[in-house]
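Source file: work_10.pdb; contents: PDB, C-alpha atoms.
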ATOM      1  CA  MET A   1     -16.189 -21.678 -19.401
ATOM      2  CA  HIS A   2     -15.266 -17.988 -19.518
ATOM      3  CA  ASP A   3     -17.661 -15.378 -18.172
ATOM      4  CA  GLN A   4     -18.663 -12.740 -20.707
ATOM      5  CA  ASP A   5     -20.235  -9.350 -20.161
ATOM      6  CA  PRO A   6     -23.959  -9.293 -21.089
ATOM      7  CA  ALA A   7     -23.299  -6.699 -23.778
ATOM      8  CA  ASP A   8     -20.617  -8.868 -25.316
ATOM      9  CA  GLN A   9     -22.900 -11.902 -25.202
ATOM     10  CA  ALA A  10     -25.599  -9.935 -26.998
ATOM     11  CA  ALA A  11     -23.149  -8.718 -29.628
ATOM     12  CA  ALA A  12     -21.859 -12.229 -30.168
ATOM     13  CA  SER A  13     -25.354 -13.427 -31.087
ATOM     14  CA  ASP A  14     -25.870 -10.710 -33.700
ATOM     15  CA  VAL A  15     -25.575 -11.368 -37.400
ATOM     16  CA  GLY A  16     -22.114 -10.510 -38.659
ATOM     17  CA  PHE A  17     -20.342 -10.448 -35.280
ATOM     18  CA  ARG A  18     -16.678 -10.946 -36.125
ATOM     19  CA  ILE A  19     -13.252 -10.456 -34.574
ATOM     20  CA  ASP A  20     -10.252  -8.776 -36.157
ATOM     21  CA  PRO A  21      -8.628 -11.480 -38.331
ATOM     22  CA  VAL A  22      -5.318 -10.759 -36.608
ATOM     23  CA  LEU A  23      -6.867 -12.209 -33.429
ATOM     24  CA  ALA A  24      -9.357 -14.615 -35.009
ATOM     25  CA  ARG A  25      -9.490 -18.071 -33.440
ATOM     26  CA  SER A  26     -12.239 -19.984 -35.289
ATOM     27  CA  TRP A  27     -12.150 -19.931 -39.109
ATOM     28  CA  LEU A  28     -15.375 -21.585 -40.262
ATOM     29  CA  LEU A  29     -15.390 -23.170 -43.728
ATOM     30  CA  VAL A  30     -18.791 -23.081 -45.443
ATOM     31  CA  ASN A  31     -19.560 -24.942 -48.666
ATOM     32  CA  GLY A  32     -19.895 -22.287 -51.346
ATOM     33  CA  ALA A  33     -22.306 -24.432 -53.349
ATOM     34  CA  GLN A  34     -24.827 -24.444 -50.487
ATOM     35  CA  TYR A  35     -26.129 -20.898 -50.183
ATOM     36  CA  GLU A  36     -28.606 -21.891 -47.490
ATOM     37  CA  ARG A  37     -25.671 -22.415 -45.111
ATOM     38  CA  PHE A  38     -24.348 -18.872 -45.427
ATOM     39  CA  THR A  39     -26.811 -17.194 -43.064
ATOM     40  CA  PRO A  40     -26.507 -19.810 -40.279
ATOM     41  CA  ALA A  41     -22.732 -19.428 -40.549
ATOM     42  CA  ALA A  42     -23.056 -15.661 -40.291
ATOM     43  CA  ARG A  43     -25.138 -16.115 -37.133
ATOM     44  CA  SER A  44     -22.657 -18.553 -35.597
ATOM     45  CA  ARG A  45     -19.905 -17.907 -33.085
ATOM     46  CA  ALA A  46     -17.245 -18.115 -35.794
ATOM     47  CA  ASP A  47     -14.655 -15.373 -35.563
ATOM     48  CA  ILE A  48     -14.248 -15.542 -39.349
ATOM     49  CA  VAL A  49     -16.539 -17.159 -41.930
ATOM     50  CA  VAL A  50     -14.766 -18.530 -45.014
ATOM     51  CA  LEU A  51     -16.946 -19.372 -48.002
ATOM     52  CA  ASP A  52     -15.262 -22.381 -49.579
ATOM     53  CA  ILE A  53     -15.183 -22.667 -53.364
ATOM     54  CA  GLU A  54     -12.175 -25.001 -53.356
ATOM     55  CA  ASP A  55     -12.206 -28.549 -51.918
ATOM     56  CA  ALA A  56     -15.847 -28.411 -50.822
ATOM     57  CA  VAL A  57     -17.078 -27.802 -54.382
ATOM     58  CA  ALA A  58     -16.986 -30.280 -57.251
ATOM     59  CA  PRO A  59     -15.642 -28.963 -60.587
ATOM     60  CA  LYS A  60     -19.114 -29.003 -62.152
ATOM     61  CA  ASP A  61     -20.413 -26.746 -59.366
ATOM     62  CA  LYS A  62     -17.652 -24.119 -59.369
ATOM     63  CA  ASP A  63     -19.631 -21.595 -61.413
ATOM     64  CA  SER A  64     -22.737 -21.843 -59.258
ATOM     65  CA  ALA A  65     -20.629 -21.566 -56.092
ATOM     66  CA  ARG A  66     -19.034 -18.376 -57.436
ATOM     67  CA  ASP A  67     -22.520 -17.027 -58.191
ATOM     68  CA  ASN A  68     -23.524 -17.716 -54.586
ATOM     69  CA  VAL A  69     -20.468 -15.880 -53.276
ATOM     70  CA  ILE A  70     -21.082 -12.875 -55.523
ATOM     71  CA  ARG A  71     -24.722 -12.754 -54.407
ATOM     72  CA  TRP A  72     -23.696 -12.875 -50.735
ATOM     73  CA  LEU A  73     -21.014 -10.211 -51.047
ATOM     74  CA  ALA A  74     -23.302  -7.985 -53.108
ATOM     75  CA  GLU A  75     -25.613  -7.853 -50.094
ATOM     76  CA  GLY A  76     -22.884  -6.033 -48.175
ATOM     77  CA  ASN A  77     -21.308  -8.988 -46.396
ATOM     78  CA  THR A  78     -17.542  -8.968 -45.911
ATOM     79  CA  ASP A  79     -16.773 -12.613 -45.250
ATOM     80  CA  TRP A  80     -13.688 -14.418 -46.526
ATOM     81  CA  VAL A  81     -13.439 -16.862 -49.426
ATOM     82  CA  ARG A  82     -11.227 -19.928 -49.839
ATOM     83  CA  VAL A  83     -10.136 -19.871 -53.476
ATOM     84  CA  ASN A  84      -8.617 -22.573 -55.617
ATOM     85  CA  GLY A  85      -4.854 -22.890 -55.728
ATOM     86  CA  PHE A  86      -2.520 -21.193 -58.154
ATOM     87  CA  GLY A  87      -2.133 -23.275 -61.306
ATOM     88  CA  THR A  88      -5.589 -24.871 -61.137
ATOM     89  CA  PRO A  89      -8.119 -24.192 -63.920
ATOM     90  CA  TRP A  90     -10.224 -22.122 -61.476
ATOM     91  CA  TRP A  91      -7.719 -19.837 -59.750
ATOM     92  CA  ALA A  92      -7.809 -16.939 -62.226
ATOM     93  CA  ASP A  93     -11.607 -16.973 -62.510
ATOM     94  CA  ASP A  94     -11.957 -17.061 -58.703
ATOM     95  CA  LEU A  95      -9.844 -13.933 -58.363
ATOM     96  CA  ALA A  96     -11.541 -12.147 -61.248
ATOM     97  CA  MET A  97     -14.873 -12.848 -59.587
ATOM     98  CA  LEU A  98     -13.707 -11.367 -56.273
ATOM     99  CA  SER A  99     -12.031  -8.280 -57.726
ATOM    100  CA  GLY A 100     -13.941  -5.190 -56.693
ATOM    101  CA  THR A 101     -16.188  -6.982 -54.189
ATOM    102  CA  SER A 102     -16.478  -6.479 -50.429
ATOM    103  CA  VAL A 103     -14.582  -9.708 -49.691
ATOM    104  CA  GLY A 104     -12.819  -9.523 -46.336
ATOM    105  CA  GLY A 105      -9.888 -11.668 -47.406
ATOM    106  CA  VAL A 106      -8.966 -14.884 -49.161
ATOM    107  CA  MET A 107      -7.622 -18.193 -47.984
ATOM    108  CA  LEU A 108      -5.401 -19.387 -50.826
ATOM    109  CA  ALA A 109      -5.274 -23.169 -51.145
ATOM    110  CA  MET A 110      -2.206 -25.290 -51.891
ATOM    111  CA  VAL A 111       0.441 -22.595 -51.462
ATOM    112  CA  GLU A 112       3.819 -24.039 -52.386
ATOM    113  CA  SER A 113       5.899 -21.011 -53.324
ATOM    114  CA  VAL A 114       6.270 -17.265 -52.977
ATOM    115  CA  ASP A 115       4.862 -16.776 -56.488
ATOM    116  CA  HIS A 116       1.522 -18.281 -55.495
ATOM    117  CA  VAL A 117       1.017 -15.493 -52.970
ATOM    118  CA  THR A 118       2.477 -12.630 -54.976
ATOM    119  CA  GLU A 119       0.486 -13.444 -58.120
ATOM    120  CA  THR A 120      -2.697 -13.625 -56.046
ATOM    121  CA  ALA A 121      -1.895 -10.337 -54.296
ATOM    122  CA  ASN A 122      -1.267  -8.652 -57.657
ATOM    123  CA  ARG A 123      -4.778  -9.564 -58.789
ATOM    124  CA  LEU A 124      -6.414  -8.701 -55.467
ATOM    125  CA  PRO A 125      -4.489  -5.687 -54.150
ATOM    126  CA  ASN A 126      -5.119  -4.739 -50.512
ATOM    127  CA  VAL A 127      -6.956  -8.002 -49.808
ATOM    128  CA  PRO A 128      -5.373 -10.001 -46.956
ATOM    129  CA  ILE A 129      -4.254 -13.502 -47.896
ATOM    130  CA  VAL A 130      -4.078 -16.510 -45.599
ATOM    131  CA  ALA A 131      -1.566 -18.882 -47.175
ATOM    132  CA  LEU A 132      -2.869 -22.424 -46.730
ATOM    133  CA  VAL A 133       0.203 -24.676 -46.818
ATOM    134  CA  GLU A 134      -0.777 -28.310 -47.441
ATOM    135  CA  THR A 135       2.204 -30.177 -48.895
ATOM    136  CA  ALA A 136       5.782 -31.142 -48.107
ATOM    137  CA  ARG A 137       6.932 -28.784 -50.861
ATOM    138  CA  GLY A 138       5.058 -25.920 -49.236
ATOM    139  CA  LEU A 139       6.405 -26.735 -45.785
ATOM    140  CA  GLU A 140       9.981 -26.706 -47.086
ATOM    141  CA  ARG A 141       9.380 -23.141 -48.324
ATOM    142  CA  ILE A 142       7.263 -21.904 -45.442
ATOM    143  CA  THR A 143       9.838 -19.387 -44.189
ATOM    144  CA  GLN A 144       9.887 -17.648 -47.568
ATOM    145  CA  ILE A 145       6.095 -17.863 -47.920
ATOM    146  CA  ALA A 146       5.600 -16.273 -44.491
ATOM    147  CA  ALA A 147       7.991 -13.428 -45.346
ATOM    148  CA  THR A 148       6.299 -12.704 -48.684
ATOM    149  CA  LYS A 149       4.593  -9.363 -49.059
ATOM    150  CA  GLY A 150       0.900 -10.198 -49.220
ATOM    151  CA  THR A 151       0.908 -13.072 -46.732
ATOM    152  CA  PHE A 152      -1.351 -12.118 -43.841
ATOM    153  CA  ARG A 153      -1.355 -15.391 -41.884
ATOM    154  CA  LEU A 154      -0.328 -19.001 -42.407
ATOM    155  CA  ALA A 155      -2.720 -21.953 -42.157
ATOM    156  CA  PHE A 156      -1.954 -25.658 -41.915
ATOM    157  CA  GLY A 157      -3.875 -27.878 -44.334
ATOM    158  CA  ILE A 158      -3.538 -31.059 -42.308
ATOM    159  CA  GLY A 159      -5.644 -33.405 -44.440
ATOM    160  CA  ASP A 160      -3.805 -32.781 -47.694
ATOM    161  CA  PHE A 161      -0.458 -32.651 -45.882
ATOM    162  CA  ARG A 162      -1.044 -36.112 -44.431
ATOM    163  CA  ARG A 163      -2.132 -37.399 -47.837
ATOM    164  CA  ASP A 164       0.990 -35.920 -49.427
ATOM    165  CA  THR A 165       3.433 -37.202 -46.808
ATOM    166  CA  GLY A 166       1.791 -40.356 -45.460
ATOM    167  CA  PHE A 167       1.982 -38.991 -41.913
ATOM    168  CA  GLY A 168      -0.445 -40.089 -39.213
ATOM    169  CA  ASP A 169      -2.564 -37.715 -37.183
ATOM    170  CA  GLN A 170      -0.918 -37.998 -33.769
ATOM    171  CA  PRO A 171       0.372 -34.738 -32.237
ATOM    172  CA  THR A 172       3.895 -36.135 -31.960
ATOM    173  CA  THR A 173       3.874 -37.094 -35.645
ATOM    174  CA  LEU A 174       2.864 -33.585 -36.717
ATOM    175  CA  ALA A 175       4.942 -31.763 -34.088
ATOM    176  CA  TYR A 176       7.700 -30.811 -36.520
ATOM    177  CA  ALA A 177       5.244 -29.421 -39.060
ATOM    178  CA  ARG A 178       3.302 -27.387 -36.490
ATOM    179  CA  SER A 179       6.539 -26.029 -35.051
ATOM    180  CA  ARG A 180       7.624 -24.873 -38.501
ATOM    181  CA  PHE A 181       4.375 -22.935 -38.933
ATOM    182  CA  THR A 182       4.692 -21.136 -35.604
ATOM    183  CA  ILE A 183       8.378 -20.320 -36.013
ATOM    184  CA  ALA A 184       7.946 -19.074 -39.593
ATOM    185  CA  ALA A 185       5.028 -16.845 -38.607
ATOM    186  CA  LYS A 186       6.876 -15.405 -35.624
ATOM    187  CA  ALA A 187      10.066 -14.778 -37.628
ATOM    188  CA  ALA A 188       8.045 -12.921 -40.286
ATOM    189  CA  HIS A 189       6.196 -10.821 -37.659
ATOM    190  CA  LEU A 190       2.840 -12.336 -38.638
ATOM    191  CA  PRO A 191      -0.002 -13.260 -36.308
ATOM    192  CA  SER A 192       0.517 -16.861 -35.273
ATOM    193  CA  ALA A 193      -0.578 -19.669 -37.539
ATOM    194  CA  ILE A 194      -4.019 -21.221 -37.999
ATOM    195  CA  ASP A 195      -4.144 -24.951 -37.321
ATOM    196  CA  GLY A 196      -6.035 -27.403 -39.490
ATOM    197  CA  PRO A 197      -9.495 -28.766 -38.751
ATOM    198  CA  THR A 198     -10.623 -31.643 -36.561
ATOM    199  CA  VAL A 199     -12.986 -34.080 -38.276
ATOM    200  CA  GLY A 200     -15.912 -35.541 -36.342
ATOM    201  CA  HIS A 201     -18.467 -34.545 -33.750
ATOM    202  CA  SER A 202     -16.723 -35.573 -30.525
ATOM    203  CA  ALA A 203     -16.438 -32.611 -28.147
ATOM    204  CA  LEU A 204     -13.639 -34.355 -26.264
ATOM    205  CA  VAL A 205     -11.592 -34.954 -29.420
ATOM    206  CA  LEU A 206     -12.074 -31.340 -30.514
ATOM    207  CA  SER A 207     -11.119 -30.027 -27.085
ATOM    208  CA  GLU A 208      -7.960 -32.140 -27.040
ATOM    209  CA  ALA A 209      -7.058 -31.111 -30.587
ATOM    210  CA  THR A 210      -7.530 -27.427 -29.774
ATOM    211  CA  ALA A 211      -5.285 -27.833 -26.740
ATOM    212  CA  VAL A 212      -2.627 -29.265 -29.061
ATOM    213  CA  SER A 213      -2.958 -26.199 -31.312
ATOM    214  CA  ALA A 214      -2.451 -23.909 -28.325
ATOM    215  CA  GLU A 215       0.487 -25.964 -27.076
ATOM    216  CA  PHE A 216       2.269 -25.332 -30.381
ATOM    217  CA  GLY A 217       1.587 -21.609 -30.234
ATOM    218  CA  MET A 218      -1.086 -21.664 -32.936
ATOM    219  CA  THR A 219      -3.774 -19.094 -32.232
ATOM    220  CA  GLY A 220      -6.387 -20.018 -34.845
ATOM    221  CA  LYS A 221      -8.056 -23.209 -36.029
ATOM    222  CA  ILE A 222     -10.122 -24.104 -39.072
ATOM    223  CA  CYS A 223     -13.626 -25.290 -38.169
ATOM    224  CA  LEU A 224     -15.896 -27.494 -40.260
ATOM    225  CA  THR A 225     -19.238 -26.834 -38.538
ATOM    226  CA  PRO A 226     -20.685 -23.873 -36.617
ATOM    227  CA  GLU A 227     -20.942 -26.102 -33.534
ATOM    228  CA  GLN A 228     -17.153 -26.396 -33.356
ATOM    229  CA  CYS A 229     -16.575 -22.647 -33.116
ATOM    230  CA  PRO A 230     -17.446 -21.945 -29.442
ATOM    231  CA  MET A 231     -15.158 -24.716 -28.191
ATOM    232  CA  VAL A 232     -12.310 -23.595 -30.427
ATOM    233  CA  ASN A 233     -12.791 -19.986 -29.309
ATOM    234  CA  GLU A 234     -12.621 -20.998 -25.673
ATOM    235  CA  GLY A 235      -9.631 -23.275 -26.140
ATOM    236  CA  LEU A 236      -7.637 -20.563 -27.930
ATOM    237  CA  SER A 237      -8.511 -17.776 -25.499
ATOM    238  CA  PRO A 238      -6.719 -16.935 -22.255
ATOM    239  CA  SER A 239      -8.024 -19.229 -19.535
ATOM    240  CA  GLY A 240      -9.486 -18.098 -16.242
ATOM    241  CA  ASP A 241      -6.290 -19.192 -14.489
ATOM    242  CA  GLU A 242      -4.127 -17.209 -16.904
ATOM    243  CA  ILE A 243      -6.240 -14.086 -16.471
ATOM    244  CA  ALA A 244      -6.149 -14.456 -12.701
ATOM    245  CA  TRP A 245      -2.366 -14.843 -12.771
ATOM    246  CA  ALA A 246      -1.972 -11.686 -14.881
ATOM    247  CA  LYS A 247      -4.173  -9.635 -12.565
ATOM    248  CA  GLU A 248      -2.414 -10.920  -9.461
ATOM    249  CA  PHE A 249       1.001 -10.250 -10.981
ATOM    250  CA  PHE A 250       0.219  -6.581 -11.595
ATOM    251  CA  ILE A 251      -1.238  -6.175  -8.111
ATOM    252  CA  GLU A 252       1.890  -7.684  -6.600
ATOM    253  CA  PHE A 253       4.130  -5.601  -8.880
ATOM    254  CA  GLU A 254       2.437  -2.342  -7.860
ATOM    255  CA  ARG A 255       2.500  -3.386  -4.207
ATOM    256  CA  ASP A 256       6.283  -3.729  -4.490
ATOM    257  CA  GLY A 257       6.624  -0.189  -5.813
ATOM    258  CA  GLY A 258       6.107  -0.682  -9.547
ATOM    259  CA  GLU A 259       9.860  -0.942 -10.190
ATOM    260  CA  ILE A 260      11.674  -3.708 -12.068
ATOM    261  CA  ARG A 261      12.868  -6.178  -9.431
ATOM    262  CA  ASN A 262      14.763  -8.761 -11.482
ATOM    263  CA  GLY A 263      15.346 -10.024 -14.999
ATOM    264  CA  SER A 264      12.055 -11.920 -15.139
ATOM    265  CA  ASP A 265       9.824  -8.888 -14.583
ATOM    266  CA  LEU A 266       9.885  -7.462 -18.129
ATOM    267  CA  PRO A 267       8.929 -10.778 -19.807
ATOM    268  CA  ARG A 268       6.206 -11.319 -17.213
ATOM    269  CA  ILE A 269       4.860  -7.792 -17.705
ATOM    270  CA  ALA A 270       4.679  -8.373 -21.469
ATOM    271  CA  ARG A 271       2.995 -11.747 -20.976
ATOM    272  CA  ALA A 272       0.469 -10.396 -18.463
ATOM    273  CA  ASN A 273      -0.403  -7.450 -20.707
ATOM    274  CA  LYS A 274      -0.859  -9.823 -23.656
ATOM    275  CA  ILE A 275      -3.207 -12.061 -21.681
ATOM    276  CA  LEU A 276      -5.358  -9.182 -20.434
ATOM    277  CA  ASP A 277      -5.444  -7.448 -23.829
ATOM    278  CA  LEU A 278      -6.590 -10.669 -25.495
ATOM    279  CA  ALA A 279      -9.215 -11.281 -22.825
ATOM    280  CA  ARG A 280     -10.679  -7.823 -23.419
ATOM    281  CA  ALA A 281     -10.538  -8.253 -27.209
ATOM    282  CA  TYR A 282     -12.487 -11.509 -26.901
ATOM    283  CA  GLY A 283     -15.058 -10.040 -24.515
ATOM    284  CA  ILE A 284     -13.930 -12.199 -21.597
ATOM    285  CA  GLU A 285     -14.661 -10.701 -18.212
ATOM    286  CA  VAL A 286     -11.458  -9.879 -16.328
ATOM    287  CA  PRO A 287     -12.048 -10.485 -12.606
ATOM    288  CA  GLU A 288     -11.115  -8.021  -9.924
ATOM    289  CA  TYR A 289      -8.517  -9.011  -7.345
ATOM    290  CA  ASP A 290     -11.188  -9.899  -4.805
ATOM    291  CA  ASP A 291     -12.651 -12.436  -7.245
ATOM    292  CA  ILE A 292      -9.401 -14.387  -7.536
ATOM    293  CA  ASP A 293      -9.265 -17.570  -5.515
ATOM    294  CA  ASP A 294      -6.012 -18.018  -3.584
ATOM    295  CA  PRO A 295      -3.967 -15.517  -5.665
ATOM    296  CA  ALA A 296      -0.729 -16.380  -3.876
ATOM    297  CA  HIS A 297      -0.748 -19.812  -5.520
ATOM    298  CA  ILE A 298      -1.618 -18.973  -9.129
ATOM    299  CA  PRO A 299       0.969 -20.563 -11.454
ATOM    300  CA  ALA A 300       2.406 -18.494 -14.292
ATOM    301  CA  PRO A 301       0.944 -19.584 -17.669
ATOM    302  CA  SER A 302       2.980 -20.590 -20.685
ATOM    303  CA  ASP A 303       3.480 -17.815 -23.211
ATOM    304  CA  THR A 304       1.579 -19.039 -26.260
ATOM    305  CA  TYR A 305      -0.211 -15.949 -27.554
ATOM    306  CA  HIS A 306       1.615 -14.382 -30.500
ATOM    307  CA  TYR A 307       0.144 -11.419 -32.352
TER     308      TYR A 307
END
Rewrite the coordinates I just gave you, this time as structure tokens.
Amino acid sequence: MHDQDPADQAAASDVGFRIDPVLARSWLLVNGAQYERFTPAARSRADIVVLDIEDAVAPKDKDSARDNVIRWLAEGNTDWVRVNGFGTPWWADDLAMLSGTSVGGVMLAMVESVDHVTETANRLPNVPIVALVETARGLERITQIAATKGTFRLAFGIGDFRRDTGFGDQPTTLAYARSRFTIAAKAAHLPSAIDGPTVGHSALVLSEATAVSAEFGMTGKICLTPEQCPMVNEGLSPSGDEIAWAKEFFIEFERDGGEIRNGSDLPRIARANKILDLARAYGIEVPEYDDIDDPAHIPAPSDTYHY
């Protein structure tokens, strides 16, 4: 586990504690039809809370779910909302409901083309949009979707993608798809992609799945329960070993005169700065040199943090 400063720990327990969505790791979906879940979600360790009025809500309950969202946002909350996909009977009403509210952003379901994002952005100007790509058609167009004005981040809708394609859930099976998300996001200068959720209550399965997300350069993950958020946050943060390596690298670099020594120094400087900046942004305590165990043998981490 990472050590956090007491002040950061206190802040993290406060209602409404959130992280910049550029850096957000855990994206917690909350059933929009169940208003009683909104406050516990707000008190959770989720980096971003997403009130879900799409898949979580039956058609007969869409209106009441919208009423719940309006009530929550009217109280001054700035959480996100997952809206129904373009072309569904509910998309236009979802956006009309959110227009003029304090909504922090929207997660747009079933994005399959540039038009889905641009039409949504036209109706909700200046509201960031996470494009949730969930089909083979969407994946084939993901480069264009990522480059579309209005797309803030990409997210991988694994469940619907597997249903659409017939793929299994093994990391090797979904490796191509995850790679496409990361490459498209990077090429479009977006924060890295948000991986899909892990179903179930097994801490080991969630930990392994989060490690897979990190291995593919994905820096966020959709969560289905508040209990999943702390583990996802930890798994998508710089590790203690990575932080120690970054600190030791700079100490060694300054000891050698602070001048570029070879072609690997500039990439390592960028990587070390990225690790330490992320650690500070997440409230992770950065140890002093004296706190590092055996600094001469700290391996360089892989460069998986893209923002």
From the list A:Asp164, A:Glu75, A:Glu227, A:Asp115, which residue is nearest Leu28 in chain A when using only C-alpha atoms?
-> A:Glu227
Once the PyMOL selection byres ((chain A and resi 187-195) around 8) has been applied to the shown file, what residues remain in the selection, as a PyMOL selection string?
-> chain A and resi 22-23+25+143+146-147+152-158+178+181-186+196-197+213+217-222+305-307
Using all atoms listed in the file, which residues sit within 9 Å of Ala272 in chain A once same-chain residues fewer than 4 positions away are excluded, as a PyMOL selection string?
-> chain A and resi 242-243+245-247+249-250+267-268+276-277
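Among A:Glu112, A:Glu215, A:Glu248, A:Glu54, the residue with the shortest atom-to-atom distance to Pro89 in chain A, counting all atoms listed in the file, is A:Glu54.
Distances to Cys229 in chain A were evaluated for A:Ile129, A:Ala203, A:Val81, A:Met110 using only C-alpha atoms, and the minimum falls at A:Ala203.
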Axis-aligned box over every listed atom of range 273-281 of chain A, padded by 6 Å per side: centre and edges in Å to one decimal, as AutoDock Vina command-line options?
--center_x -5.5 --center_y -9.8 --center_z -23.8 --size_x 22.3 --size_y 16.6 --size_z 18.8
Neighbours of Gly105 in chain A within 6 Å (only C-alpha atoms; same-chain residues fewer than 5 positions away dropped), as a compact mmCIF listing (two decimals) with C-alpha atoms, keeping the file's coordinate frame?
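Final file, out_1.txt:
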# COMPACT_ATOMS: atom_id res chain seq x y z
CA TRP A 80 -13.69 -14.42 -46.53
CA VAL A 127 -6.96 -8.00 -49.81
CA PRO A 128 -5.37 -10.00 -46.96
CA ILE A 129 -4.25 -13.50 -47.90
